[in-house]
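Q: Dropping in data-v9.cif, with mmCIF, C-alpha atoms.
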data_entry
loop_
_atom_site.label_atom_id
_atom_site.label_comp_id
_atom_site.auth_asym_id
_atom_site.auth_seq_id
_atom_site.Cartn_x
_atom_site.Cartn_y
_atom_site.Cartn_z
CA MET Q 1 43.22 -81.14 -35.99
CA GLY Q 2 44.95 -81.30 -32.58
CA GLY Q 3 47.37 -83.95 -33.93
CA TRP Q 4 48.49 -81.68 -36.78
CA ILE Q 5 49.12 -78.79 -34.34
CA CYS Q 6 51.31 -81.03 -32.13
CA TYR Q 7 53.24 -82.23 -35.20
CA ILE Q 8 53.90 -78.63 -36.36
CA CYS Q 9 55.00 -77.58 -32.83
CA SER Q 10 57.46 -80.45 -32.57
CA ARG Q 11 58.99 -79.61 -35.98
CA VAL Q 12 59.35 -75.93 -35.02
CA SER Q 13 60.94 -76.73 -31.64
CA GLY Q 14 63.36 -79.15 -33.32
CA SER Q 15 64.37 -76.49 -35.86
CA LEU Q 16 64.90 -73.92 -33.12
CA MET Q 17 67.10 -76.40 -31.23
CA MET Q 18 69.23 -76.96 -34.35
CA LEU Q 19 69.63 -73.20 -34.84
CA LEU Q 20 70.72 -72.84 -31.20
CA VAL Q 21 73.39 -75.53 -31.59
CA VAL Q 22 74.70 -73.87 -34.79
CA ALA Q 23 74.78 -70.48 -33.11
CA LEU Q 24 76.72 -71.84 -30.15
CA SER Q 25 79.25 -73.50 -32.42
CA CYS Q 26 79.77 -70.27 -34.37
CA ASN Q 27 80.33 -68.09 -31.29
CA PRO Q 28 83.92 -68.56 -30.14
CA SER Q 29 83.36 -67.24 -26.63
CA THR Q 30 80.28 -69.39 -26.08
CA ALA Q 31 81.97 -72.47 -27.53
CA ALA Q 32 84.92 -72.03 -25.22
CA THR Q 33 82.61 -71.87 -22.25
CA ALA Q 34 80.66 -74.92 -23.30
CA SER Q 35 83.70 -77.12 -24.03
CA PRO Q 36 85.42 -79.07 -21.22
CA SER Q 37 88.15 -77.13 -19.44
CA ALA Q 38 91.69 -77.76 -20.68
CA PRO Q 39 93.60 -80.27 -18.57
CA HIS Q 40 95.79 -78.70 -15.89
CA VAL Q 41 99.46 -79.28 -16.68
CA LYS Q 42 101.26 -79.70 -13.38
CA PRO Q 43 104.85 -78.60 -13.11
CA SER Q 44 107.42 -81.36 -12.81
CA TYR Q 45 111.04 -81.83 -11.89
CA SER Q 46 113.33 -81.23 -14.82
CA PHE Q 47 115.28 -84.37 -13.98
CA GLY Q 48 118.63 -84.67 -15.65
CA ARG Q 49 120.74 -87.78 -16.02
CA THR Q 50 123.61 -85.84 -14.46
CA PHE Q 51 121.77 -85.05 -11.22
CA LEU Q 52 120.81 -88.70 -10.69
CA GLY Q 53 124.17 -90.01 -11.87
CA LEU Q 54 122.58 -91.98 -14.70
CA ASP Q 55 125.11 -90.51 -17.13
CA LYS Q 56 127.79 -92.45 -15.20
CA CYS Q 57 126.11 -95.87 -15.47
CA ASN Q 58 127.15 -98.56 -15.37
CA ALA Q 59 129.65 -97.09 -12.92
CA CYS Q 60 126.66 -96.58 -10.64
CA ILE Q 61 124.48 -98.38 -8.07
CA GLY Q 62 121.47 -99.35 -10.19
CA THR Q 63 118.18 -98.22 -11.74
CA SER Q 64 115.53 -100.07 -9.74
CA ILE Q 65 113.72 -96.95 -8.51
CA CYS Q 66 114.25 -94.53 -11.43
CA LYS Q 67 110.60 -94.77 -12.53
CA LYS Q 68 109.53 -93.42 -9.13
CA PHE Q 69 111.64 -90.31 -9.66
CA PHE Q 70 110.38 -89.63 -13.17
CA LYS Q 71 106.74 -90.25 -12.19
CA GLU Q 72 107.18 -87.83 -9.27
CA GLU Q 73 106.36 -90.56 -6.78
CA ILE Q 74 109.54 -89.54 -4.99
CA ARG Q 75 109.73 -85.85 -4.17
CA PHE Q 76 112.39 -83.81 -2.46
CA ASP Q 77 110.71 -82.69 0.73
CA THR Q 78 112.28 -79.39 1.73
CA TRP Q 79 113.07 -78.15 -1.77
CA LEU Q 80 109.62 -78.16 -3.35
CA SER Q 81 108.66 -74.89 -5.05
CA SER Q 82 106.09 -73.72 -7.56
CA HIS Q 83 108.33 -75.11 -10.29
CA LEU Q 84 109.48 -78.17 -8.33
CA LYS Q 85 113.13 -77.30 -8.86
CA LEU Q 86 115.75 -79.85 -7.93
CA PRO Q 87 118.00 -79.29 -4.90
CA PRO Q 88 121.72 -78.58 -5.33
CA SER Q 89 123.66 -81.56 -6.65
CA TYR Q 90 126.60 -81.08 -4.30
CA LEU Q 91 124.70 -82.24 -1.20
CA LEU Q 92 125.42 -85.71 0.16
CA SER Q 93 121.86 -86.45 1.28
CA TYR Q 94 118.32 -85.14 0.86
CA SER Q 95 115.03 -85.49 2.68
CA GLY Q 96 112.17 -86.70 0.49
CA ASN Q 97 108.66 -88.13 0.30
CA TYR Q 98 107.72 -91.47 -1.27
CA THR Q 99 104.36 -92.86 -2.38
CA ASP Q 100 102.95 -96.01 -3.95
CA ASP Q 101 99.42 -94.71 -4.55
CA ALA Q 102 99.78 -90.87 -4.88
CA LYS Q 103 97.61 -90.54 -1.74
CA SER Q 104 99.69 -91.58 1.23
CA TRP Q 105 103.27 -90.34 1.50
CA ARG Q 106 106.11 -91.35 3.80
CA MET Q 107 109.45 -89.79 4.54
CA VAL Q 108 112.58 -91.21 2.90
CA ASP Q 109 116.29 -90.44 2.86
CA ILE Q 110 117.91 -89.94 -0.54
CA THR Q 111 121.68 -90.26 -0.33
CA ARG Q 112 124.75 -90.41 -2.55
CA LEU Q 113 127.43 -93.06 -2.16
CA THR Q 114 129.92 -90.28 -1.52
CA SER Q 115 130.16 -86.53 -2.09
CA LYS Q 116 129.94 -85.13 -5.62
CA TYR Q 117 133.51 -83.86 -5.23
CA GLN Q 118 134.77 -87.34 -4.37
CA HIS Q 119 132.74 -88.88 -7.20
CA ASP Q 120 134.18 -86.39 -9.71
CA ARG Q 121 137.68 -86.95 -8.40
CA ALA Q 122 137.32 -90.73 -8.66
CA ASP Q 123 135.88 -90.48 -12.20
CA LYS Q 124 138.85 -88.38 -13.26
CA ARG Q 125 141.23 -90.89 -11.67
CA ILE Q 126 139.64 -93.72 -13.65
CA CYS Q 127 140.18 -91.89 -16.95
CA THR Q 128 143.70 -90.63 -16.26
CA SER Q 129 145.05 -93.87 -14.81
CA LEU Q 130 143.42 -96.32 -17.21
CA LEU Q 131 143.10 -94.41 -20.50
CA LYS Q 132 145.48 -91.46 -19.97
CA THR Q 133 142.74 -88.94 -20.79
CA LYS Q 134 140.90 -86.31 -18.70
CA THR Q 135 137.43 -87.56 -19.66
CA CYS Q 136 136.25 -90.93 -20.89
CA SER Q 137 133.53 -93.56 -20.83
CA LEU Q 138 133.82 -94.88 -17.28
CA GLU Q 139 132.21 -98.17 -18.22
CA HIS Q 140 134.60 -98.67 -21.15
CA ALA Q 141 137.60 -97.94 -18.92
CA LEU Q 142 136.54 -100.18 -16.03
CA ARG Q 143 135.63 -103.07 -18.33
CA ARG Q 144 139.24 -103.25 -19.48
CA THR Q 145 140.64 -103.85 -15.99
CA GLN Q 146 142.04 -107.20 -14.98
CA ARG Q 147 139.72 -107.40 -11.98
CA PHE Q 148 136.53 -106.92 -14.01
CA GLN Q 149 137.66 -109.42 -16.62
CA LYS Q 150 137.93 -111.95 -13.78
CA TRP Q 151 134.41 -111.00 -12.68
CA LEU Q 152 133.11 -111.65 -16.19
CA GLN Q 153 134.55 -115.16 -16.21
CA ALA Q 154 133.54 -116.05 -12.64
CA LYS Q 155 130.52 -118.20 -11.86
CA ARG Q 156 130.64 -117.37 -8.17
CA LEU Q 157 131.77 -114.33 -6.17
CA THR Q 158 134.89 -115.54 -4.37
CA PRO Q 159 137.26 -113.78 -1.92
CA ASP Q 160 139.97 -113.22 -4.54
CA LEU Q 161 137.52 -111.12 -6.60
CA VAL Q 162 137.08 -108.58 -3.78
CA GLN Q 163 140.60 -108.56 -2.33
CA GLY Q 164 142.01 -105.08 -1.86
CA LEU Q 165 138.66 -103.27 -1.98
CA SER Q 166 138.50 -100.50 0.64
CA SER Q 167 135.04 -101.38 2.01
CA PRO Q 168 135.32 -102.47 5.67
CA MET Q 169 132.67 -105.11 4.95
CA LEU Q 170 135.10 -106.89 2.61
CA ARG Q 171 138.33 -106.67 4.60
CA CYS Q 172 137.75 -110.10 6.14
CA PRO Q 173 135.45 -111.82 3.62
CA SER Q 174 134.12 -115.35 3.91
CA GLN Q 175 132.55 -117.36 1.10
CA ARG Q 176 129.32 -117.50 3.10
CA LEU Q 177 129.13 -113.69 3.23
CA LEU Q 178 129.89 -113.30 -0.49
CA ASP Q 179 127.22 -115.87 -1.38
CA ARG Q 180 124.75 -113.85 0.66
CA ILE Q 181 125.63 -110.70 -1.30
CA VAL Q 182 124.93 -112.38 -4.66
CA ARG Q 183 121.81 -114.20 -3.46
CA ARG Q 184 120.21 -111.05 -2.03
CA TYR Q 185 121.40 -108.42 -4.50
CA ALA Q 186 118.20 -106.38 -4.96
CA GLU Q 187 119.13 -104.52 -8.16
CA VAL Q 188 118.42 -107.58 -10.31
CA PRO Q 189 115.01 -109.25 -10.77
CA ASP Q 190 116.12 -112.88 -10.45
CA ALA Q 191 118.08 -112.89 -7.20
CA GLY Q 192 118.12 -116.06 -5.11
CA SER Q 193 121.09 -118.05 -6.38
CA ILE Q 194 124.63 -117.99 -5.01
CA TYR Q 195 125.89 -118.31 -8.59
CA MET Q 196 126.22 -115.22 -10.78
CA ASP Q 197 124.52 -116.69 -13.84
CA HIS Q 198 121.55 -114.33 -13.38
CA LEU Q 199 123.84 -111.27 -13.42
CA THR Q 200 124.53 -109.60 -16.77
CA ASP Q 201 127.86 -107.93 -17.50
CA ARG Q 202 126.16 -104.63 -16.63
CA ASP Q 203 124.90 -106.00 -13.30
CA LYS Q 204 128.36 -107.27 -12.37
CA LEU Q 205 129.95 -103.88 -13.04
CA ARG Q 206 127.31 -102.10 -10.94
CA LEU Q 207 127.78 -104.52 -8.05
CA LEU Q 208 131.58 -104.24 -8.20
CA TYR Q 209 131.39 -100.44 -8.38
CA THR Q 210 129.04 -100.23 -5.38
CA LEU Q 211 131.20 -102.54 -3.29
CA SER Q 212 134.26 -100.46 -4.21
CA VAL Q 213 132.79 -97.05 -3.37
CA ASN Q 214 130.40 -97.63 -0.46
CA SER Q 215 128.92 -100.91 0.76
CA HIS Q 216 126.05 -99.21 2.66
CA PRO Q 217 123.30 -100.09 0.12
CA ILE Q 218 124.53 -103.69 -0.09
CA LEU Q 219 124.36 -104.12 3.69
CA LEU Q 220 120.78 -102.82 3.69
CA GLN Q 221 119.89 -105.39 1.03
CA ILE Q 222 121.52 -108.48 2.54
CA PHE Q 223 120.53 -107.76 6.16
CA PRO Q 224 116.97 -106.37 5.77
CA ASP Q 225 115.00 -104.72 8.55
CA VAL Q 226 112.10 -107.15 8.07
CA GLU Q 227 114.35 -109.89 9.45
CA GLY Q 228 115.12 -107.86 12.55
CA TRP Q 229 118.42 -106.29 11.49
CA PRO Q 230 118.94 -102.70 12.78
CA PHE Q 231 119.09 -101.00 9.38
CA PRO Q 232 116.59 -98.77 7.55
CA ARG Q 233 114.67 -100.38 4.69
CA TYR Q 234 116.31 -100.30 1.27
CA LEU Q 235 113.78 -99.03 -1.31
CA GLY Q 236 115.96 -98.89 -4.41
CA SER Q 237 118.50 -96.83 -6.31
CA CYS Q 238 118.73 -94.65 -9.38
CA GLY Q 239 122.10 -93.84 -10.87
CA ARG Q 240 124.23 -92.85 -7.90
CA LEU Q 241 121.35 -92.11 -5.51
CA VAL Q 242 120.08 -94.55 -2.86
CA VAL Q 243 116.56 -94.34 -1.37
CA SER Q 244 115.85 -95.76 2.08
CA ALA Q 245 113.43 -95.28 4.97
CA SER Q 246 113.90 -91.97 6.79
CA THR Q 247 115.57 -91.57 10.18
CA ARG Q 248 116.68 -88.54 12.20
CA PRO Q 249 120.40 -88.56 13.02
CA LEU Q 250 121.36 -89.18 16.64
CA ARG Q 251 122.92 -85.71 16.83
CA ASP Q 252 119.39 -84.27 16.88
CA PHE Q 253 118.86 -85.94 20.27
CA PHE Q 254 121.97 -84.80 22.12
CA GLY Q 255 119.84 -82.16 23.83
CA ALA Q 256 116.91 -84.51 24.52
CA ALA Q 257 115.19 -84.96 27.89
CA PRO Q 258 116.92 -87.34 30.37
CA GLU Q 259 114.38 -90.15 29.89
CA VAL Q 260 114.78 -89.97 26.10
CA ALA Q 261 118.59 -89.95 26.38
CA ALA Q 262 118.50 -92.98 28.68
CA ASP Q 263 116.22 -94.85 26.27
CA LEU Q 264 118.42 -94.12 23.23
CA ALA Q 265 121.60 -95.05 25.11
CA LEU Q 266 120.09 -98.41 26.06
CA GLN Q 267 118.99 -99.03 22.49
CA LEU Q 268 122.46 -98.14 21.23
CA LEU Q 269 124.08 -100.66 23.57
CA ALA Q 270 121.50 -103.29 22.59
CA VAL Q 271 122.26 -102.75 18.88
CA LEU Q 272 125.99 -103.22 19.50
CA ARG Q 273 125.28 -106.36 21.50
CA SER Q 274 123.14 -107.82 18.69
CA MET Q 275 125.80 -106.96 16.11
CA GLY Q 276 128.35 -108.90 18.12
CA THR Q 277 126.14 -111.88 18.89
CA ASN Q 278 123.42 -113.03 16.49
CA ASP Q 279 121.90 -116.21 15.05
CA LEU Q 280 123.95 -116.02 11.84
CA ASN Q 281 127.28 -115.86 13.66
CA TYR Q 282 128.44 -112.67 11.97
CA PHE Q 283 130.44 -110.23 14.08
CA PHE Q 284 129.86 -106.62 13.02
CA TYR Q 285 132.30 -103.92 14.08
CA PHE Q 286 132.68 -100.22 13.30
CA THR Q 287 135.81 -98.66 11.85
CA HIS Q 288 134.44 -95.20 12.67
CA VAL Q 289 131.38 -93.71 14.39
CA ASP Q 290 130.04 -90.17 14.53
CA ALA Q 291 126.80 -88.34 15.29
CA GLY Q 292 125.30 -89.43 11.95
CA THR Q 293 126.12 -93.14 12.18
CA PHE Q 294 122.93 -93.92 14.11
CA GLY Q 295 119.41 -92.64 13.48
CA VAL Q 296 116.01 -92.68 15.13
CA PHE Q 297 112.67 -93.47 13.47
CA SER Q 298 109.53 -91.48 14.22
CA ASN Q 299 108.43 -94.21 16.67
CA GLY Q 300 111.56 -93.73 18.75
CA HIS Q 301 113.34 -96.85 17.49
CA LEU Q 302 117.10 -96.51 16.99
CA PHE Q 303 118.79 -97.97 13.91
CA ILE Q 304 122.15 -97.85 12.14
CA ARG Q 305 121.68 -94.96 9.73
CA ASP Q 306 125.04 -95.17 7.94
CA ALA Q 307 126.48 -98.66 7.48
CA SER Q 308 129.43 -97.57 5.31
CA THR Q 309 131.94 -98.02 8.15
CA LEU Q 310 130.74 -101.47 9.25
CA GLY Q 311 133.10 -104.39 8.99
CA ILE Q 312 132.00 -108.03 9.18
CA ILE Q 313 133.86 -111.06 10.49
CA ASP Q 314 132.33 -114.49 9.92
CA LYS Q 315 132.65 -116.33 13.24
CA GLU Q 316 131.48 -119.53 11.55
CA GLU Q 317 133.90 -119.66 8.60
CA GLY Q 318 136.47 -117.00 9.43
CA SER Q 319 138.23 -114.85 6.84
CA GLN Q 320 139.44 -116.57 3.69
CA LEU Q 321 141.99 -113.90 2.87
CA ILE Q 322 145.38 -113.69 4.52
CA ASP Q 323 146.77 -110.25 5.30
CA ASP Q 324 149.20 -110.07 2.37
CA GLN Q 325 146.30 -110.73 -0.01
CA GLN Q 326 144.52 -107.70 1.45
CA GLU Q 327 147.38 -105.49 0.28
CA TYR Q 328 146.51 -106.08 -3.40
CA LYS Q 329 145.59 -102.69 -4.94
CA ASP Q 330 144.07 -101.59 -8.25
CA ILE Q 331 141.83 -98.76 -9.47
CA PHE Q 332 138.82 -100.23 -7.63
CA SER Q 333 140.80 -100.00 -4.37
CA CYS Q 334 141.33 -96.27 -4.78
CA LEU Q 335 137.95 -94.82 -5.77
CA THR Q 336 137.21 -93.21 -2.40
CA VAL Q 337 140.39 -93.55 -0.33
CA ASP Q 338 144.09 -92.95 -0.66
CA CYS Q 339 145.66 -96.00 -2.27
CA GLN Q 340 148.37 -95.91 0.40
CA SER Q 341 145.88 -96.46 3.25
CA ALA Q 342 146.76 -99.56 5.26
CA PHE Q 343 144.19 -102.23 6.08
CA VAL Q 344 143.45 -103.25 9.64
CA SER Q 345 144.29 -106.88 10.28
CA CYS Q 346 141.25 -109.11 10.75
CA ASN Q 347 142.92 -110.67 13.78
CA SER Q 348 143.23 -107.30 15.57
CA ILE Q 349 139.47 -106.73 15.97
CA GLY Q 350 138.19 -107.60 19.45
CA GLU Q 351 134.77 -107.71 21.10
CA LYS Q 352 135.31 -104.32 22.75
CA HIS Q 353 136.24 -102.52 19.52
CA SER Q 354 132.88 -100.85 18.78
CA LEU Q 355 131.95 -100.39 22.45
CA VAL Q 356 135.05 -98.29 23.09
CA MET Q 357 134.30 -96.10 20.05
CA VAL Q 358 130.73 -95.47 21.15
CA CYS Q 359 131.81 -94.73 24.74
CA GLN Q 360 134.33 -92.23 23.42
CA GLU Q 361 132.32 -90.48 20.70
CA LEU Q 362 128.56 -90.80 21.30
CA LEU Q 363 127.40 -91.77 24.78
CA PRO Q 364 129.08 -88.82 26.58
CA LYS Q 365 127.31 -86.36 24.24
CA LEU Q 366 124.01 -88.13 24.83
CA LEU Q 367 124.26 -88.59 28.62
CA LYS Q 368 126.51 -85.83 29.94
CA GLY Q 369 124.91 -83.62 32.61
CA LYS Q 370 121.46 -85.16 32.19
CA PHE Q 371 120.87 -86.71 35.62
CA LEU Q 372 121.04 -85.82 39.29
CA GLN Q 373 123.88 -86.88 41.55
CA PRO Q 374 125.01 -89.46 42.49
CA VAL Q 375 123.53 -91.17 39.39
CA GLN Q 376 125.36 -88.86 36.95
CA GLU Q 377 128.67 -89.51 38.68
CA LYS Q 378 128.22 -93.28 38.35
CA ILE Q 379 127.27 -92.95 34.67
CA ASP Q 380 130.35 -90.81 33.98
CA SER Q 381 132.56 -93.33 35.78
CA PHE Q 382 131.31 -96.30 33.76
CA LEU Q 383 131.66 -94.31 30.52
CA GLN Q 384 135.23 -93.35 31.35
CA HIS Q 385 136.15 -96.95 32.19
CA CYS Q 386 134.70 -98.08 28.84
CA ALA Q 387 136.23 -95.22 26.81
CA ASP Q 388 139.75 -95.78 28.18
CA GLY Q 389 139.79 -99.15 26.47
CA LEU Q 390 142.49 -100.30 28.87
CA ALA Q 391 140.53 -103.28 30.13
CA ASP Q 392 140.17 -106.48 28.17
CA ASP Q 393 136.99 -107.39 26.26
CA GLN Q 394 135.38 -108.82 29.37
CA GLY Q 395 136.22 -105.74 31.48
CA VAL Q 396 134.71 -103.30 28.95
CA SER Q 397 131.62 -105.48 28.52
CA GLY Q 398 131.21 -105.56 32.31
CA ALA Q 399 131.33 -101.76 32.57
CA VAL Q 400 128.76 -101.45 29.78
CA ALA Q 401 126.46 -104.00 31.45
CA LYS Q 402 126.56 -102.01 34.71
CA LEU Q 403 125.83 -98.81 32.78
CA ALA Q 404 122.80 -100.47 31.17
CA GLU Q 405 121.44 -101.56 34.55
CA LEU Q 406 121.84 -98.01 35.83
CA LEU Q 407 119.97 -96.53 32.83
CA LYS Q 408 117.00 -98.91 32.73
CA PRO Q 409 114.97 -97.32 35.58
CA LEU Q 410 115.65 -93.84 34.17
CA ARG Q 411 113.47 -94.50 31.13
CA SER Q 412 109.78 -93.66 31.02
CA CYS Q 413 106.86 -95.53 29.45
CA ASP Q 414 104.66 -93.28 27.33
CA SER Q 415 103.57 -92.62 23.75
CA ARG Q 416 106.85 -90.88 22.86
CA PHE Q 417 108.36 -94.36 22.73
CA ALA Q 418 105.84 -95.89 20.34
CA TYR Q 419 108.17 -98.75 19.40
CA ARG Q 420 107.68 -100.23 22.93
CA TYR Q 421 104.44 -98.57 24.06
CA PRO Q 422 102.05 -99.73 25.49
CA ASP Q 423 103.93 -103.04 25.85
CA CYS Q 424 106.25 -101.40 28.37
CA LYS Q 425 103.28 -101.13 30.76
CA TYR Q 426 102.89 -104.88 30.96
CA SER Q 427 106.31 -106.42 30.23
CA ASP Q 428 109.49 -106.49 32.30
CA LYS Q 429 111.41 -106.64 29.01
CA TYR Q 430 111.06 -102.87 28.77
#
If you took the structure in this file and wrote it as structure tokens, what would it be?

A:
Amino acid sequence: MGGWICYICSRVSGSLMMLLVVALSCNPSTAATASPSAPHVKPSYSFGRTFLGLDKCNACIGTSICKKFFKEEIRFDTWLSSHLKLPPSYLLSYSGNYTDDAKSWRMVDITRLTSKYQHDRADKRICTSLLKTKTCSLEHALRRTQRFQKWLQAKRLTPDLVQGLSSPMLRCPSQRLLDRIVRRYAEVPDAGSIYMDHLTDRDKLRLLYTLSVNSHPILLQIFPDVEGWPFPRYLGSCGRLVVSASTRPLRDFFGAAPEVAADLALQLLAVLRSMGTNDLNYFFYFTHVDAGTFGVFSNGHLFIRDASTLGIIDKEEGSQLIDDQQEYKDIFSCLTVDCQSAFVSCNSIGEKHSLVMVCQELLPKLLKGKFLQPVQEKIDSFLQHCADGLADDQGVSGAVAKLAELLKPLRSCDSRFAYRYPDCKYSDKY
């Protein structure tokens, strides 16, 4: 009898459970509560090809980091809002955040090769001079040029293919330097060869365009920070935007404490020394410096923030262009500068060239009025001797060496200088 009662109870409870399920499914409000919550749709950047410069490709830098932008793994730091709106397109550079795992983020600089105004002006010049129209396909127009047709046929990047380009890096080109550009070009997956067989027609146009407008991203690629070169790390490009490791411009430190100013001045002189004398026998010189040329990482380490005005002379091979070859001009020579601009002769660049510029433009702003007398007076005297540029290379270098010796004991050793702390406690090097 007990077994039958248990059987009946189980059937009744099962029926009641079925009725409860049916009732829940028929009640809209209850069903909504019981169902999983709808996935949260996060706002995203409304990226446009125009903002990135993708609509101009292949008259652009490359596309190696575009996925990061579209996946929101690169975000514009100071312009984030509830709708993640993009910053104005007329700015030359932007501060951003970069991630590989969506958990840890690091600061990056997002920069354009040149201002939007200059880009637009150059694009218009391409169309009007090559196709006689106000607007056109930039790629179609540039492909028709005599220079690019030579690039298409070439197996190797040779000095005659870059003659007349306005980039300081290419004013005195050697075959060794050009081979390095092709071998280390980071916008293609199969870099490593000095021959251009691994470059498609599209790749060649992008490389030529970048070298013509601004060689900064190329310098970051061929002289990487991991090998000890004083440049920020190149992370990639998308359209006409370049992404690199973040630095604060030197101008932010003009009002720094005396010990910080002394440290940065010494680093600046050390960078110039390494750019003049290095294991690869390349001599780097500046055609222009300003308060944004150099930058400082969060650990206090100073780097070259803007390499667009850097020229290179190969001390091992020398330049393989003579001065009259440099005067060759075409549309690629005039994308960012006046076509009438004269080139500086490779033979006119001396050892003191960059030192004089820095003594004139940067070190006085960094060191002026920072120290007690008579130290400040000695610093000012050495700076003036260097800035005058009247002495020969050896005389300027001597004044700079004395300035460095004067600044060394003015530095401090603490956690503000993480790039050399705590090593500075135990090593005479610092």

Q: Carefully work through the PyMOL selection byres ((chain Q and resi 274) around 12) for this structure and note down the residues it includes, as an MDAnalysis selection string.

A: chainID Q and resid 228:230 267:273 275:285 303:304 351 354

Q: Work out how far apart atom CA of Tyr98 of chain Q and atom CA of Glu187 of chain Q are and give it in Å to one decimal.

A: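 Computed distance, atom CA of Tyr98 of chain Q to atom CA of Glu187 of chain Q, equals 18.7 Å.
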
Q: Report, in Å to a single decimal, how far apart atom CA of Arg180 of chain Q and atom CA of Met357 of chain Q are.

A: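 It comes out at 28.0 Å.
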
Q: So what does the PyMOL selection byres ((chain Q and resi 260) around 10) actually pick up in this one, as a PyMOL selection string?

A: chain Q and resi 253-259+261-266+300+366-367+410-412+416-417

Q: Quick one, how far is atom CA of Thr336 of chain Q from atom CA of Cys359 of chain Q?

A: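 Atom CA of Cys359 of chain Q lies at a distance of 27.7 Å from atom CA of Thr336 of chain Q.
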
Q: Pick out the closest residue to Pro88 of chain Q from this set: Q:Thr63, Q:His119, Q:Leu52, Q:Glu317. Count all atoms listed in the file.

A: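 Smallest distance to Pro88 of chain Q is found for Q:Leu52.
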
Q: Would you write out, as a tab-separated table, a table of all residues in segment 208-293 of chain Q that have an atom no more than 12 Å from an atom of segment 142-161 of chain Q, listing for each the closest atom pair and the distance in Å to one decimal, considering all atoms listed in the file and ordering rows by chain and rising residue number?

A:
residue	atom	partner	partner_atom	distance
Q:Leu208	CA	Q:Phe148	CA	8.1
Q:Tyr209	CA	Q:Leu142	CA	9.2
Q:Leu211	CA	Q:Leu161	CA	11.2
Q:Ser212	CA	Q:Leu161	CA	11.4

Q: Go through segment 305-401 of chain Q and flag each residue having an atom no more than 9 Å from segment 122-132 of chain Q; for those, report the closest pair of atoms plus their distance in Å to one decimal, using all atoms listed in the file, ordered by chain and rising number, as a tab-separated table.

A:
residue	atom	partner	partner_atom	distance
Q:Ile331	CA	Q:Ile126	CA	6.9
Q:Phe332	CA	Q:Ile126	CA	8.9
Q:Cys334	CA	Q:Ala122	CA	7.9
Q:Leu335	CA	Q:Ala122	CA	5.0
Q:Thr336	CA	Q:Ala122	CA	6.7

Q: I'd like to know which of Q:Pro224, Q:Gly53, Q:Pro168, Q:Gly350 is closest to Ser115 of chain Q, using only C-alpha atoms.

A: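 Comparing Q:Pro224, Q:Gly53, Q:Pro168, Q:Gly350 against Ser115 of chain Q, the winner is Q:Gly53.
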
Q: Looking at Q:Arg251, Q:Lys315, Q:Lys134, Q:Arg112, which one is nearest to Ser215 of chain Q, with distances taken over only C-alpha atoms?

A: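 Smallest separation from Ser215 of chain Q among the options: Q:Arg112.
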
Q: Which residues are near Ile218 of chain Q? Cut-off 12 Å, only C-alpha atoms, ignore same chain within fewer than 2 positions. Put them as a ChimeraX atom specification.

A: /Q:61-62,113,167,169-170,177-178,180-187,206-216,220-224,231,233-237,242,244,306-308,310

Q: Pick the closest to Ser246 of chain Q from Q:Ser166, Q:Asn97, Q:Ser137, Q:Gln320: which is it, counting all atoms listed in the file?

A: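 Of all the options, Q:Asn97 lies closest to Ser246 of chain Q.
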
Q: Quick one: everything within 9 Å of Asp388 of chain Q, counting all atoms listed in the file, minus sequence neighbours fewer than 5 positions away in the same chain. Send it as a list of chain:residue names.

A: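 Here the answer would be Q:Val356, Q:Cys359, Q:Gln360, Q:Leu383.
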
Q: Kindly resolve the PyMOL selection byres ((chain Q and resi 94) around 10) on the present coordinates and return the residues as a JSON list (two decimals) with C-alpha atoms, in the coordinates of the input.

A:
[["chain", "number", "residue", "atom", "x", "y", "z"],
["Q", 75, "ARG", "CA", 109.73, -85.85, -4.17],
["Q", 76, "PHE", "CA", 112.39, -83.81, -2.46],
["Q", 77, "ASP", "CA", 110.71, -82.69, 0.73],
["Q", 78, "THR", "CA", 112.28, -79.39, 1.73],
["Q", 79, "TRP", "CA", 113.07, -78.15, -1.77],
["Q", 87, "PRO", "CA", 118.00, -79.29, -4.90],
["Q", 88, "PRO", "CA", 121.72, -78.58, -5.33],
["Q", 89, "SER", "CA", 123.66, -81.56, -6.65],
["Q", 91, "LEU", "CA", 124.70, -82.24, -1.20],
["Q", 92, "LEU", "CA", 125.42, -85.71, 0.16],
["Q", 93, "SER", "CA", 121.86, -86.45, 1.28],
["Q", 95, "SER", "CA", 115.03, -85.49, 2.68],
["Q", 96, "GLY", "CA", 112.17, -86.70, 0.49],
["Q", 108, "VAL", "CA", 112.58, -91.21, 2.90],
["Q", 109, "ASP", "CA", 116.29, -90.44, 2.86],
["Q", 110, "ILE", "CA", 117.91, -89.94, -0.54],
["Q", 111, "THR", "CA", 121.68, -90.26, -0.33],
["Q", 112, "ARG", "CA", 124.75, -90.41, -2.55],
["Q", 241, "LEU", "CA", 121.35, -92.11, -5.51],
["Q", 243, "VAL", "CA", 116.56, -94.34, -1.37]]

Q: Please determine, counting only C-alpha atoms, which residue among Q:Asp314, Q:Ser348, Q:Leu406, Q:Ala387 has the shortest atom-to-atom distance to Phe371 of chain Q.

A: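 Checking each candidate against Phe371 of chain Q, we get Q:Leu406 as the closest.
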
Q: Distance cut-off 10 Å, centre (129.1, -107.0, 28.0) in file coordinates, counting all atoms listed in the file: which residues qualify? Return them as a ChimeraX atom specification.

A: /Q:269,272-273,351-352,355,393-402,404

Q: Tell me which protein, DNA and RNA residues are within 8 Å of Cys172 of chain Q, counting only C-alpha atoms, leaving out same-chain ones fewer than 5 positions away, and put them as a short mmCIF file (atom, residue, chain, number, x, y, z; two decimals) with C-alpha atoms, keeping the file's coordinate frame.

A:
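Final output, out22.cif:
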data_model
loop_
_atom_site.label_atom_id
_atom_site.label_comp_id
_atom_site.auth_asym_id
_atom_site.auth_seq_id
_atom_site.Cartn_x
_atom_site.Cartn_y
_atom_site.Cartn_z
CA GLY Q 311 133.10 -104.39 8.99
CA ILE Q 312 132.00 -108.03 9.18
CA ILE Q 313 133.86 -111.06 10.49
CA ASP Q 314 132.33 -114.49 9.92
CA GLY Q 318 136.47 -117.00 9.43
CA SER Q 319 138.23 -114.85 6.84
CA GLN Q 320 139.44 -116.57 3.69
CA LEU Q 321 141.99 -113.90 2.87
CA CYS Q 346 141.25 -109.11 10.75
#
